[in-house]
Structure formats: C-alpha cells, structure tokens
$ cat entry34.csv   # CSV, C-alpha atoms and all ligand atoms
chain,number,residue,atom,x,y,z
A,1,MET,CA,-49.5,-126.6,-64.5
A,2,GLY,CA,-46.2,-124.6,-64.4
A,3,LEU,CA,-43.9,-124.8,-67.4
A,4,LYS,CA,-40.4,-123.7,-67.6
A,5,GLN,CA,-38.0,-123.8,-70.5
A,6,GLU,CA,-34.6,-122.2,-70.8
A,7,PHE,CA,-32.9,-121.2,-74.1
A,8,LEU,CA,-29.4,-119.9,-74.8
A,9,THR,CA,-28.8,-117.7,-77.9
A,10,ASP,CA,-25.4,-116.4,-79.2
A,11,SER,CA,-26.7,-113.9,-81.7
A,12,PRO,CA,-29.5,-111.4,-82.2
A,13,GLU,CA,-30.7,-113.6,-85.2
A,14,LYS,CA,-31.2,-116.6,-82.9
A,15,THR,CA,-33.2,-114.5,-80.4
A,16,LYS,CA,-35.3,-113.3,-83.3
A,17,LYS,CA,-35.8,-116.9,-84.5
A,18,LEU,CA,-36.9,-118.0,-81.0
A,19,GLY,CA,-39.5,-115.2,-81.1
A,20,GLU,CA,-40.6,-116.2,-84.5
A,21,ILE,CA,-41.1,-119.9,-83.6
A,22,LEU,CA,-43.0,-119.0,-80.5
A,23,ALA,CA,-45.3,-116.7,-82.4
A,24,GLN,CA,-46.0,-119.3,-85.1
A,25,SER,CA,-47.2,-121.8,-82.5
A,26,LEU,CA,-49.9,-119.4,-81.1
A,27,MET,CA,-53.5,-120.0,-82.0
A,28,ASN,CA,-55.3,-117.8,-79.6
A,29,SER,CA,-55.0,-114.4,-77.9
A,30,VAL,CA,-52.2,-114.3,-75.4
A,31,LEU,CA,-50.3,-112.0,-73.1
A,32,ILE,CA,-46.5,-112.3,-73.2
A,33,CYS,CA,-44.5,-110.5,-70.5
A,34,LEU,CA,-40.9,-109.7,-71.1
A,35,SER,CA,-38.5,-108.7,-68.4
A,36,GLY,CA,-34.8,-108.6,-67.6
A,37,ASP,CA,-31.6,-106.8,-68.5
A,38,LEU,CA,-31.5,-103.6,-70.6
A,39,GLY,CA,-30.0,-104.8,-73.9
A,40,GLY,CA,-31.0,-108.3,-73.1
A,41,GLY,CA,-32.9,-108.7,-76.3
A,42,LYS,CA,-36.5,-108.0,-75.6
A,43,THR,CA,-37.0,-105.7,-78.6
A,44,THR,CA,-35.0,-108.1,-80.8
A,45,PHE,CA,-37.2,-111.0,-79.7
A,46,ALA,CA,-40.3,-108.8,-80.3
A,47,GLN,CA,-39.1,-108.3,-83.9
A,48,GLY,CA,-38.9,-112.0,-84.6
A,49,PHE,CA,-42.2,-112.6,-82.8
A,50,ALA,CA,-43.9,-110.0,-85.0
A,51,ALA,CA,-42.4,-111.7,-88.1
A,52,GLY,CA,-43.7,-115.0,-86.9
A,53,LEU,CA,-47.2,-113.5,-86.7
A,54,GLY,CA,-46.9,-112.5,-90.3
A,55,ILE,CA,-46.4,-108.8,-89.7
A,56,LYS,CA,-44.4,-107.2,-92.5
A,57,GLU,CA,-43.8,-103.8,-91.0
A,58,LYS,CA,-40.6,-102.9,-89.3
A,59,ILE,CA,-40.9,-103.3,-85.6
A,60,THR,CA,-39.1,-100.6,-83.6
A,61,SER,CA,-39.0,-100.1,-79.8
A,62,PRO,CA,-42.2,-98.4,-78.6
A,63,SER,CA,-40.4,-97.0,-75.5
A,64,PHE,CA,-41.2,-93.4,-76.2
A,65,VAL,CA,-44.8,-93.9,-77.4
A,66,LEU,CA,-45.4,-96.7,-74.9
A,67,MET,CA,-47.5,-98.8,-77.3
A,68,LYS,CA,-47.7,-99.7,-81.0
A,69,ARG,CA,-50.4,-101.7,-82.7
A,70,TYR,CA,-50.3,-103.9,-85.9
A,71,LEU,CA,-53.2,-105.5,-87.7
A,72,LEU,CA,-53.1,-109.3,-87.7
A,73,LYS,CA,-54.3,-111.3,-90.7
A,74,LYS,CA,-54.8,-114.5,-88.8
A,75,LYS,CA,-58.4,-115.8,-88.5
A,76,GLY,CA,-60.1,-114.8,-85.2
A,77,LEU,CA,-57.3,-112.4,-84.1
A,78,LYS,CA,-57.4,-108.6,-84.3
A,79,TYR,CA,-54.1,-106.9,-83.4
A,80,PHE,CA,-50.6,-107.4,-82.2
A,81,TYR,CA,-50.0,-104.8,-79.4
A,82,HIS,CA,-46.3,-104.1,-78.5
A,83,PHE,CA,-46.0,-102.3,-75.2
A,84,ASP,CA,-42.9,-101.0,-73.5
A,85,CYS,CA,-43.4,-99.9,-69.9
A,86,TYR,CA,-39.9,-98.6,-69.3
A,87,ARG,CA,-40.9,-95.0,-69.3
A,88,LEU,CA,-44.2,-95.4,-67.5
A,89,ARG,CA,-44.1,-93.1,-64.4
A,90,GLU,CA,-47.0,-94.8,-62.6
A,91,PRO,CA,-48.3,-98.3,-63.2
A,92,GLU,CA,-51.9,-97.1,-63.5
A,93,GLU,CA,-51.0,-95.1,-66.6
A,94,ILE,CA,-51.3,-98.4,-68.4
A,95,LEU,CA,-55.1,-98.2,-68.0
A,96,ALA,CA,-55.3,-94.9,-70.0
A,97,LEU,CA,-53.9,-96.8,-73.0
A,98,GLY,CA,-56.9,-99.1,-73.1
A,99,TRP,CA,-55.1,-101.9,-71.3
A,100,GLU,CA,-58.2,-103.8,-70.0
A,101,GLU,CA,-60.1,-103.5,-73.2
A,102,ILE,CA,-57.1,-104.7,-75.2
A,103,LEU,CA,-56.6,-107.8,-72.9
A,104,GLY,CA,-60.3,-108.5,-73.1
A,105,ASP,CA,-60.4,-108.8,-76.8
A,106,ASN,CA,-58.8,-111.2,-79.4
A,107,ASN,CA,-55.4,-109.6,-79.4
A,108,ILE,CA,-51.9,-110.8,-79.0
A,109,VAL,CA,-50.1,-108.6,-76.5
A,110,LEU,CA,-46.4,-108.4,-75.8
A,111,VAL,CA,-45.1,-106.2,-73.0
A,112,GLU,CA,-41.5,-105.1,-72.4
A,113,TRP,CA,-40.6,-104.2,-68.8
A,114,ALA,CA,-43.8,-105.9,-67.7
A,115,ASP,CA,-42.7,-106.0,-64.1
A,116,LYS,CA,-43.4,-102.2,-64.0
A,117,ILE,CA,-47.2,-103.0,-64.2
A,118,ALA,CA,-47.1,-106.2,-62.1
A,119,GLY,CA,-50.4,-105.4,-60.4
A,120,TYR,CA,-52.2,-105.3,-63.8
A,121,LEU,CA,-51.0,-108.6,-65.2
A,122,PRO,CA,-53.7,-111.4,-65.3
A,123,GLN,CA,-53.0,-115.0,-64.5
A,124,GLY,CA,-52.3,-117.3,-67.4
A,125,ARG,CA,-49.7,-115.1,-69.1
A,126,ILE,CA,-46.4,-116.3,-70.6
A,127,LYS,CA,-43.3,-114.8,-68.9
A,128,ILE,CA,-40.0,-114.5,-70.6
A,129,ARG,CA,-36.9,-113.3,-68.8
A,130,PHE,CA,-33.7,-112.1,-70.7
A,131,GLU,CA,-30.3,-112.2,-69.1
A,132,ILE,CA,-27.0,-111.0,-70.6
A,133,LEU,CA,-24.4,-113.7,-70.1
A,134,GLU,CA,-21.7,-112.3,-72.4
A,135,GLU,CA,-21.5,-109.8,-75.3
A,136,ARG,CA,-23.6,-112.0,-77.6
A,137,ARG,CA,-24.8,-114.7,-75.2
A,138,ARG,CA,-28.3,-114.4,-73.7
A,139,GLU,CA,-30.2,-116.7,-71.4
A,140,ILE,CA,-33.9,-116.6,-72.2
A,141,ILE,CA,-36.2,-118.3,-69.7
A,142,VAL,CA,-39.8,-118.9,-70.6
A,143,THR,CA,-42.3,-119.8,-67.9
A,144,SER,CA,-46.1,-120.2,-67.9
A,145,ASN,CA,-48.5,-121.1,-65.1
A,146,ALA,CA,-51.5,-121.5,-67.4
B,201,LIG,P1,-33.9,-104.8,-74.8
B,201,LIG,O1,-35.1,-104.5,-75.6
B,201,LIG,O2,-34.0,-106.0,-73.9
B,201,LIG,O3,-33.3,-103.6,-74.1
B,201,LIG,P2,-32.6,-104.9,-77.5
B,201,LIG,O4,-33.3,-106.1,-78.2
B,201,LIG,O5,-33.1,-103.6,-77.8
B,201,LIG,O6,-32.8,-105.2,-75.9
B,201,LIG,O7,-31.1,-104.9,-77.7
B,201,LIG,C1,-30.3,-106.1,-77.6
B,201,LIG,C2,-28.9,-105.7,-78.1
B,201,LIG,O8,-28.0,-106.8,-77.9
B,201,LIG,C3,-28.9,-105.4,-79.6
B,201,LIG,O9,-28.0,-104.4,-79.9
B,201,LIG,C4,-28.4,-106.8,-80.2
B,201,LIG,O10,-27.8,-106.6,-81.4
B,201,LIG,C5,-27.5,-107.2,-79.1
B,201,LIG,N1,-27.3,-108.7,-79.0
B,201,LIG,C6,-26.2,-109.4,-79.0
B,201,LIG,N2,-26.3,-110.7,-78.8
B,201,LIG,C7,-27.7,-110.9,-78.7
B,201,LIG,C8,-28.5,-112.0,-78.6
B,201,LIG,N3,-28.0,-113.3,-78.4
B,201,LIG,N4,-29.8,-111.8,-78.5
B,201,LIG,C9,-30.4,-110.6,-78.6
B,201,LIG,N5,-29.7,-109.5,-78.8
B,201,LIG,C10,-28.3,-109.6,-78.8
B,202,MG,MG,-36.5,-102.9,-75.7
$ encode --input "entry34.csv" --output "structure tokens"
Amino acid sequence: MGLKQEFLTDSPEKTKKLGEILAQSLMNSVLICLSGDLGGGKTTFAQGFAAGLGIKEKITSPSFVLMKRYLLKKKGLKYFYHFDCYRLREPEEILALGWEEILGDNNIVLVEWADKIAGYLPQGRIKIRFEILEERRREIIVTSNA
C-alpha cells in the first residue's frame, strides 16, 4: 500500500517537531531516506527525529564523517545511525561502512542524500523529500510503499 502525506513548515522548530513526532511513533527498526534541496531541512529534521528517539546528544551533520551512531535505550532496538551520502564518491562506498549489516539488525537508520545510494536501498523504506518554498517555508513530503 502506498502512503503519501505532505507537510508545510514555516520554521526550523516545526521541522524538528515533525521529526520528533515521527520518531516517537516508531516501534521497530526502519530505514528513513531523506532527499531534496540543500538547506531544505534534512539535518534539522534529523535533530528532531533523534530527540524523539530519546537521544540526548547534540546531533550534528555527519557529512564529513559520512555516518554517526547513537545508542538507543528503547527495548529491542540497538542504535540510531545517521548517514549523510553527500560526499560519497561512489555508491558502493556505503558497503564499507557496514551498510548491509546495519540494515539487517534492529537499528533505526536515517540517510541524508539517500538518492546517491539508490541501488542499495531496500523496499519498505520511508522516503521524505524536502523542498525550499521560501526563506523559512519548506514542503516536506513523506511517502512509503511498505
Ligand atoms: P539540509 O540538511 O537539508 O542541507 P539543514 O537542516 O542543514 O538542511 O539546514 C536548513 C537551514 O534552513 C537551516 O539553516 C535552518 O535554520 C533553515 N530553515 C529555515 N526555515 C526552515 C524550516 N521551515 N525547516 C527547516 N529548516 C529551516
Ligand atoms: Mg544536511
């Protein structure tokens, strides 16, 4: 079944809140793929999302290190992985980061610039696209074909 839901936010705080609410509703391991405009709010959303998972650490963009990992305290879940593929040179570089093992375990995985690794994304993921409408207005489109 395909689901699609569109959101409009007019501040970074509201984009964070959207991430937080989505994270709080998750019970199982999941892959969340973020795409869209540079400055669209992907990292901002990821910060709220991590807060919604109960992570207290400060979430910064992993664009230079490609991936950061945070321990989860929820029952049955291991880690929150925050990937940023913006600086990947070749899609297959994702494999060297342990990609398949990470997806195969009880983790929550969020990927910025997921379209850069399109060939390595399994079915059943949640896709979220960020578009800049105006200085502070963003359109955020969530789709899932799970
Ligand atoms: P990305 O990771 O998609 O490149 P960031 O989250 O790093 O984007 O940056 C988004 C920038 O846009 C931040 O400087 C943020 O303050 C600003 N901003 C303005 N309005 C919004 C909004 N509605 N949602 C998210 N970010 C916004
Ligand atoms: Mg970012």
$ residues_near_point --input "entry34.csv" --point "(-26.4, -114.3, -83.2)" --cutoff "12 Å" --atoms "only C-alpha atoms" --output "list of chain:residue names"
A:Leu8, A:Thr9, A:Asp10, A:Ser11, A:Pro12, A:Glu13, A:Lys14, A:Thr15, A:Lys16, A:Lys17, A:Leu18, A:Gly41, A:Thr44, A:Phe45, A:Glu134, A:Glu135, A:Arg136, A:Arg137, A:Arg138
$ residues_near_ligand --input "entry34.csv" --ligand "ligand MG 202 (chain B)" --cutoff "10 Å" --atoms "all atoms listed in the file" --output "list in words"
Leu34, Ser35, Asp37, Leu38, Gly39, Gly40, Gly41, Lys42, Thr43, Thr44, Phe45, Ala46, Thr60, Ser61, Pro62, Ser63, Phe83, Asp84, Cys85, Tyr86, Val111, Glu112 and Trp113 of chain A
$ closest_residue --input "entry34.csv" --among "A:Glu93, A:Ile126, A:Lys73, A:Leu53" --to "Ala23 in chain A" --atoms "only C-alpha atoms"
A:Leu53
$ atom_distance --input "entry34.csv" --atom1 "CA of Leu121 in chain A" --atom2 "atom O9 of ligand LIG 201 (chain B)"
27.6 Å
$ residues_near_point --input "entry34.csv" --point "(-53.9, -108.2, -67.7)" --cutoff "8 Å" --atoms "only C-alpha atoms" --output "JSON, numbers by chain"
{"A": [31, 99, 100, 103, 120, 121, 122, 123]}
$ atom_distance --input "entry34.csv" --atom1 "CA of Glu139 in chain A" --atom2 "CA of Lys68 in chain A"
26.2 Å
$ atom_distance --input "entry34.csv" --atom1 "CA of Val30 in chain A" --atom2 "CA of Val65 in chain A"
21.8 Å
$ closest_residue --input "entry34.csv" --among "A:Lys4, A:Leu22, A:Ile55, A:Leu95" --to "Lys74 in chain A" --atoms "all atoms listed in the file"
A:Ile55
$ closest_residue --input "entry34.csv" --among "A:Ile21, A:Leu133, A:Ile102, A:Val142" --to "ligand LIG 201 (chain B)" --atoms "only C-alpha atoms and all ligand atoms"
A:Leu133
$ closest_residue --input "entry34.csv" --among "A:Ile132, A:Leu77, A:Met67, A:Ala50" --to "ligand LIG 201 (chain B)" --atoms "only C-alpha atoms and all ligand atoms"
A:Ile132
$ closest_residue --input "entry34.csv" --among "A:Ile94, A:Ala118, A:Cys33, A:Leu71" --to "ligand LIG 201 (chain B)" --atoms "only C-alpha atoms and all ligand atoms"
A:Cys33
$ closest_residue --input "entry34.csv" --among "A:Gly19, A:Gly104, A:Gly2, A:Gly98" --to "ligand LIG 201 (chain B)" --atoms "all atoms listed in the file"
A:Gly19
$ decode --input "entry34.csv" --residues "range 33-129 of chain A" --atoms "C-alpha atoms" --output "PDB file, in the first residue's frame"
ATOM      1  CA  CYS A  33      15.600   8.171   3.347  1.00  0.00           C
ATOM      2  CA  LEU A  34      15.862  11.948   3.102  1.00  0.00           C
ATOM      3  CA  SER A  35      16.345  13.802  -0.162  1.00  0.00           C
ATOM      4  CA  GLY A  36      15.792  17.210  -1.713  1.00  0.00           C
ATOM      5  CA  ASP A  37      17.198  20.704  -1.616  1.00  0.00           C
ATOM      6  CA  LEU A  38      20.458  21.665   0.079  1.00  0.00           C
ATOM      7  CA  GLY A  39      19.339  23.674   3.098  1.00  0.00           C
ATOM      8  CA  GLY A  40      15.914  22.080   2.838  1.00  0.00           C
ATOM      9  CA  GLY A  41      15.981  20.926   6.460  1.00  0.00           C
ATOM     10  CA  LYS A  42      17.202  17.323   6.365  1.00  0.00           C
ATOM     11  CA  THR A  43      19.700  17.749   9.196  1.00  0.00           C
ATOM     12  CA  THR A  44      17.233  19.909  11.126  1.00  0.00           C
ATOM     13  CA  PHE A  45      14.632  17.140  10.775  1.00  0.00           C
ATOM     14  CA  ALA A  46      17.231  14.554  11.871  1.00  0.00           C
ATOM     15  CA  GLN A  47      17.868  16.556  15.059  1.00  0.00           C
ATOM     16  CA  GLY A  48      14.197  16.469  15.999  1.00  0.00           C
ATOM     17  CA  PHE A  49      13.984  12.834  14.975  1.00  0.00           C
ATOM     18  CA  ALA A  50      16.874  11.908  17.290  1.00  0.00           C
ATOM     19  CA  ALA A  51      15.252  13.854  20.132  1.00  0.00           C
ATOM     20  CA  GLY A  52      12.065  11.869  19.528  1.00  0.00           C
ATOM     21  CA  LEU A  53      14.076   8.667  19.905  1.00  0.00           C
ATOM     22  CA  GLY A  54      15.219   9.873  23.309  1.00  0.00           C
ATOM     23  CA  ILE A  55      18.769  10.717  22.241  1.00  0.00           C
ATOM     24  CA  LYS A  56      20.219  13.461  24.421  1.00  0.00           C
ATOM     25  CA  GLU A  57      23.439  14.089  22.499  1.00  0.00           C
ATOM     26  CA  LYS A  58      23.731  17.016  20.121  1.00  0.00           C
ATOM     27  CA  ILE A  59      23.151  15.857  16.546  1.00  0.00           C
ATOM     28  CA  THR A  60      25.451  17.489  14.020  1.00  0.00           C
ATOM     29  CA  SER A  61      25.664  16.837  10.299  1.00  0.00           C
ATOM     30  CA  PRO A  62      27.738  13.734   9.521  1.00  0.00           C
ATOM     31  CA  SER A  63      28.581  14.988   6.025  1.00  0.00           C
ATOM     32  CA  PHE A  64      32.366  14.779   6.520  1.00  0.00           C
ATOM     33  CA  VAL A  65      32.430  11.542   8.534  1.00  0.00           C
ATOM     34  CA  LEU A  66      29.568  10.011   6.459  1.00  0.00           C
ATOM     35  CA  MET A  67      27.985   8.284   9.453  1.00  0.00           C
ATOM     36  CA  LYS A  68      27.392   8.740  13.167  1.00  0.00           C
ATOM     37  CA  ARG A  69      25.933   6.208  15.582  1.00  0.00           C
ATOM     38  CA  TYR A  70      23.951   6.763  18.801  1.00  0.00           C
ATOM     39  CA  LEU A  71      22.925   4.145  21.351  1.00  0.00           C
ATOM     40  CA  LEU A  72      19.151   3.676  21.716  1.00  0.00           C
ATOM     41  CA  LYS A  73      17.526   2.967  25.055  1.00  0.00           C
ATOM     42  CA  LYS A  74      14.296   1.604  23.566  1.00  0.00           C
ATOM     43  CA  LYS A  75      13.565  -2.053  24.124  1.00  0.00           C
ATOM     44  CA  GLY A  76      14.522  -4.273  21.202  1.00  0.00           C
ATOM     45  CA  LEU A  77      16.434  -1.558  19.365  1.00  0.00           C
ATOM     46  CA  LYS A  78      20.202  -1.106  19.173  1.00  0.00           C
ATOM     47  CA  TYR A  79      21.404   2.098  17.524  1.00  0.00           C
ATOM     48  CA  PHE A  80      20.277   5.153  15.644  1.00  0.00           C
ATOM     49  CA  TYR A  81      22.515   5.551  12.584  1.00  0.00           C
ATOM     50  CA  HIS A  82      22.669   8.947  10.882  1.00  0.00           C
ATOM     51  CA  PHE A  83      24.228   8.772   7.414  1.00  0.00           C
ATOM     52  CA  ASP A  84      24.942  11.611   5.005  1.00  0.00           C
ATOM     53  CA  CYS A  85      25.840  10.480   1.494  1.00  0.00           C
ATOM     54  CA  TYR A  86      26.529  13.955   0.092  1.00  0.00           C
ATOM     55  CA  ARG A  87      30.278  13.382  -0.029  1.00  0.00           C
ATOM     56  CA  LEU A  88      30.261   9.753  -1.157  1.00  0.00           C
ATOM     57  CA  ARG A  89      32.285   9.455  -4.356  1.00  0.00           C
ATOM     58  CA  GLU A  90      30.884   6.088  -5.434  1.00  0.00           C
ATOM     59  CA  PRO A  91      27.626   4.484  -4.231  1.00  0.00           C
ATOM     60  CA  GLU A  92      29.385   1.215  -3.333  1.00  0.00           C
ATOM     61  CA  GLU A  93      31.454   3.051  -0.688  1.00  0.00           C
ATOM     62  CA  ILE A  94      28.383   2.697   1.530  1.00  0.00           C
ATOM     63  CA  LEU A  95      29.097  -1.045   1.826  1.00  0.00           C
ATOM     64  CA  ALA A  96      32.455  -0.424   3.526  1.00  0.00           C
ATOM     65  CA  LEU A  97      30.606   1.403   6.299  1.00  0.00           C
ATOM     66  CA  GLY A  98      28.794  -1.817   7.229  1.00  0.00           C
ATOM     67  CA  TRP A  99      25.600  -0.822   5.425  1.00  0.00           C
ATOM     68  CA  GLU A 100      24.145  -4.326   4.926  1.00  0.00           C
ATOM     69  CA  GLU A 101      24.865  -5.466   8.489  1.00  0.00           C
ATOM     70  CA  ILE A 102      23.381  -2.252   9.877  1.00  0.00           C
ATOM     71  CA  LEU A 103      20.167  -2.672   7.869  1.00  0.00           C
ATOM     72  CA  GLY A 104      19.967  -6.339   8.825  1.00  0.00           C
ATOM     73  CA  ASP A 105      19.948  -5.588  12.550  1.00  0.00           C
ATOM     74  CA  ASN A 106      17.491  -3.877  14.929  1.00  0.00           C
ATOM     75  CA  ASN A 107      18.576  -0.343  14.134  1.00  0.00           C
ATOM     76  CA  ILE A 108      16.877   2.863  13.141  1.00  0.00           C
ATOM     77  CA  VAL A 109      18.661   4.267  10.113  1.00  0.00           C
ATOM     78  CA  LEU A 110      18.239   7.749   8.662  1.00  0.00           C
ATOM     79  CA  VAL A 111      20.086   8.719   5.474  1.00  0.00           C
ATOM     80  CA  GLU A 112      20.545  12.219   4.067  1.00  0.00           C
ATOM     81  CA  TRP A 113      21.058  12.367   0.270  1.00  0.00           C
ATOM     82  CA  ALA A 114      19.767   8.806   0.015  1.00  0.00           C
ATOM     83  CA  ASP A 115      19.320   9.093  -3.770  1.00  0.00           C
ATOM     84  CA  LYS A 116      23.130   8.864  -4.040  1.00  0.00           C
ATOM     85  CA  ILE A 117      22.880   5.204  -2.997  1.00  0.00           C
ATOM     86  CA  ALA A 118      19.629   4.415  -4.818  1.00  0.00           C
ATOM     87  CA  GLY A 119      20.822   0.946  -5.811  1.00  0.00           C
ATOM     88  CA  TYR A 120      21.399  -0.049  -2.183  1.00  0.00           C
ATOM     89  CA  LEU A 121      18.032   0.960  -0.745  1.00  0.00           C
ATOM     90  CA  PRO A 122      15.678  -1.911   0.129  1.00  0.00           C
ATOM     91  CA  GLN A 123      11.906  -1.930  -0.367  1.00  0.00           C
ATOM     92  CA  GLY A 124       9.736  -0.879   2.533  1.00  0.00           C
ATOM     93  CA  ARG A 125      11.649   2.271   3.395  1.00  0.00           C
ATOM     94  CA  ILE A 126      10.127   5.634   4.283  1.00  0.00           C
ATOM     95  CA  LYS A 127      11.065   8.439   1.903  1.00  0.00           C
ATOM     96  CA  ILE A 128      10.983  12.094   2.888  1.00  0.00           C
ATOM     97  CA  ARG A 129      11.601  14.871   0.384  1.00  0.00           C
TER      98      ARG A 129
END
